[in-house]
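Structure file run.tsv (TSV, C-alpha atoms) is printed below.
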chain	number	residue	atom	x	y	z
S	1	MET	CA	196.27	86.42	169.79
S	2	LYS	CA	193.85	85.99	172.66
S	3	LYS	CA	190.86	86.14	170.30
S	4	LEU	CA	192.43	83.41	168.17
S	5	SER	CA	192.84	81.12	171.17
S	6	TYR	CA	189.19	81.74	172.15
S	7	ALA	CA	188.08	80.90	168.61
S	8	VAL	CA	190.14	77.70	168.53
S	9	SER	CA	188.79	76.71	171.94
S	10	ALA	CA	185.20	77.29	170.84
S	11	VAL	CA	185.66	75.27	167.65
S	12	THR	CA	187.30	72.47	169.61
S	13	VAL	CA	184.49	72.36	172.16
S	14	PHE	CA	181.88	72.07	169.41
S	15	ALA	CA	183.90	69.70	167.18
S	16	LEU	CA	184.80	67.06	169.78
S	17	PRO	CA	181.24	65.76	170.25
S	18	MET	CA	180.93	65.51	166.48
S	19	LEU	CA	184.08	63.41	166.34
S	20	ALA	CA	182.75	61.13	169.07
S	21	PHE	CA	179.49	60.81	167.15
S	22	ALA	CA	181.43	59.94	164.00
S	23	GLN	CA	183.19	57.13	165.85
S	24	ALA	CA	179.90	55.76	167.17
S	25	GLN	CA	178.51	55.21	163.69
S	26	ASP	CA	180.06	54.81	160.29
S	27	ILE	CA	181.01	57.82	158.22
S	28	GLN	CA	178.69	56.88	155.36
S	29	SER	CA	175.55	57.11	157.53
S	30	LEU	CA	176.81	60.38	159.02
S	31	GLY	CA	177.33	61.75	155.51
S	32	GLN	CA	173.85	60.59	154.51
S	33	THR	CA	172.41	62.34	157.56
S	34	VAL	CA	174.12	65.59	156.56
S	35	ILE	CA	172.91	65.26	152.95
S	36	ASP	CA	169.36	64.55	154.14
S	37	LEU	CA	169.52	67.62	156.40
S	38	ILE	CA	170.67	69.81	153.52
S	39	ASN	CA	168.09	68.44	151.06
S	40	GLY	CA	165.23	68.27	153.55
S	41	VAL	CA	165.70	71.49	155.52
S	42	PHE	CA	168.16	74.00	154.06
S	43	VAL	CA	167.21	73.87	150.37
S	44	PRO	CA	163.44	74.30	150.98
S	45	LEU	CA	164.23	77.05	153.49
S	46	ILE	CA	166.30	78.95	150.94
S	47	PHE	CA	163.60	78.55	148.27
S	48	ALA	CA	161.00	79.80	150.77
S	49	LEU	CA	163.20	82.78	151.66
S	50	ALA	CA	163.56	83.72	147.98
S	51	PHE	CA	159.79	83.45	147.57
S	52	VAL	CA	159.15	85.65	150.62
S	53	VAL	CA	161.60	88.27	149.29
S	54	PHE	CA	159.77	88.23	145.96
S	55	LEU	CA	156.36	88.56	147.64
S	56	PHE	CA	157.59	91.39	149.87
S	57	GLY	CA	158.87	93.15	146.75
S	58	ILE	CA	155.42	92.84	145.18
S	59	PHE	CA	153.80	94.14	148.38
S	60	GLN	CA	156.23	97.03	148.57
S	61	TYR	CA	155.82	97.94	144.88
S	62	PHE	CA	152.04	97.80	144.64
S	63	ILE	CA	150.77	98.60	148.13
S	64	LEU	CA	153.41	100.61	150.00
S	65	GLY	CA	154.69	102.42	146.94
S	66	GLY	CA	151.37	103.84	145.78
S	67	HIS	CA	152.73	107.32	144.97
S	68	ASP	CA	156.23	106.96	146.40
S	69	GLU	CA	158.76	106.30	143.65
S	70	GLU	CA	161.47	105.32	146.15
S	71	LYS	CA	159.28	102.53	147.59
S	72	LYS	CA	158.44	101.37	144.06
S	73	GLN	CA	162.15	101.22	143.21
S	74	GLN	CA	162.89	99.22	146.38
S	75	GLY	CA	160.04	96.83	145.58
S	76	ARG	CA	161.25	96.42	142.01
S	77	SER	CA	164.74	95.68	143.31
S	78	LEU	CA	163.45	93.06	145.78
S	79	MET	CA	161.38	91.37	143.07
S	80	LEU	CA	164.44	91.27	140.79
S	81	TRP	CA	166.64	89.77	143.53
S	82	GLY	CA	163.96	87.17	144.31
S	83	ILE	CA	163.83	86.12	140.66
S	84	ILE	CA	167.63	86.07	140.43
S	85	GLY	CA	167.74	83.88	143.54
S	86	PHE	CA	165.26	81.42	142.02
S	87	PHE	CA	167.20	81.36	138.76
S	88	VAL	CA	170.52	80.66	140.49
S	89	MET	CA	169.05	77.91	142.69
S	90	VAL	CA	167.30	76.16	139.80
S	91	SER	CA	170.44	76.47	137.66
S	92	VAL	CA	172.62	74.90	140.35
S	93	TRP	CA	170.04	72.15	140.82
S	94	GLY	CA	170.09	71.46	137.05
S	95	LEU	CA	173.90	71.47	136.99
S	96	VAL	CA	174.07	68.96	139.83
S	97	ASN	CA	171.54	66.70	138.09
S	98	LEU	CA	173.53	67.00	134.85
S	99	LEU	CA	176.73	65.95	136.63
S	100	VAL	CA	174.96	63.07	138.39
S	101	GLY	CA	173.62	61.84	135.06
S	102	THR	CA	176.92	62.32	133.23
S	103	PHE	CA	179.04	60.42	135.75
S	104	ASN	CA	176.33	57.82	136.52
S	105	LEU	CA	176.16	58.67	140.21
S	106	SER	CA	172.48	57.84	140.60
S	107	ASP	CA	171.16	55.05	142.83
S	108	SER	CA	170.83	52.74	139.84
S	109	GLY	CA	174.59	52.65	139.26
S	110	ILE	CA	177.01	50.01	140.51
S	111	ASN	CA	177.36	49.96	144.33
S	112	GLY	CA	174.70	52.63	144.80
S	113	GLY	CA	176.34	54.91	142.26
S	114	LEU	CA	179.23	55.88	144.49
S	115	PRO	CA	182.80	55.12	143.43
S	116	GLN	CA	184.50	52.54	145.61
S	117	GLY	CA	187.87	53.10	147.25
S	118	PRO	CA	190.62	50.50	147.35
S	119	ASP	CA	189.91	47.26	149.21
S	120	THR	CA	191.98	47.12	152.41
S	121	GLY	CA	190.92	43.59	153.33
S	122	TYR	CA	188.92	44.56	156.42

Render the structure in this file as structure tokens.
Amino acid sequence: MKKLSYAVSAVTVFALPMLAFAQAQDIQSLGQTVIDLINGVFVPLIFALAFVVFLFGIFQYFILGGHDEEKKQQGRSLMLWGIIGFFVMVSVWGLVNLLVGTFNLSDSGINGGLPQGPDTGY
């Protein structure tokens, strides 16, 4: 029970400044900032990580695993996981673009492509 209260306290301490920041600017610009952070930092970082895993697998297979079958097997496994990672990321990217195109959510759509909520008169 004590660990749960510590966890809730820690989440509260980190979440309150975010709530204050959300009040200082509108939610749409905050959401755009988060999307830009994901698209500009996290996605390229994940692609780079998959590429490094693939390259390390090649290094381990050809250089470290000269006569050691165990090292060759580990290198082969890393290369396979690197390729699987690329395939999954490109597939998700294609699926997202397919959904954006299907539901006309691109920037060329009405109101920036985003569906509008009900008008409250404010």

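For the atom pair formed by CA of Ile27 in chain S and CA of Val100 in chain S, the distance is 21.4 Å, given to one decimal.
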
Need the shell around range 69-85 of chain S: protein/DNA/RNA residues with any atom at most 10 Å away, counting all atoms listed in the file. Skip same-chain ones fewer than 2 positions apart. Format as a PyMOL selection string? chain S and resi 46-47+49-67+87-91

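Across the structure, CA of Ile38 in chain S and CA of Leu98 in chain S are spaced 19.1 Å apart.
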
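The space between CA of Ala48 in chain S and CA of Thr33 in chain S spans 21.9 Å.
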
8 Å per side around range 31-35 of chain S: axis-aligned box centre and edge lengths, as lines of an AutoDock Vina configuration file:
center_x = 174.9
center_y = 63.1
center_z = 155.3
size_x = 20.9
size_y = 21.0
size_z = 20.6
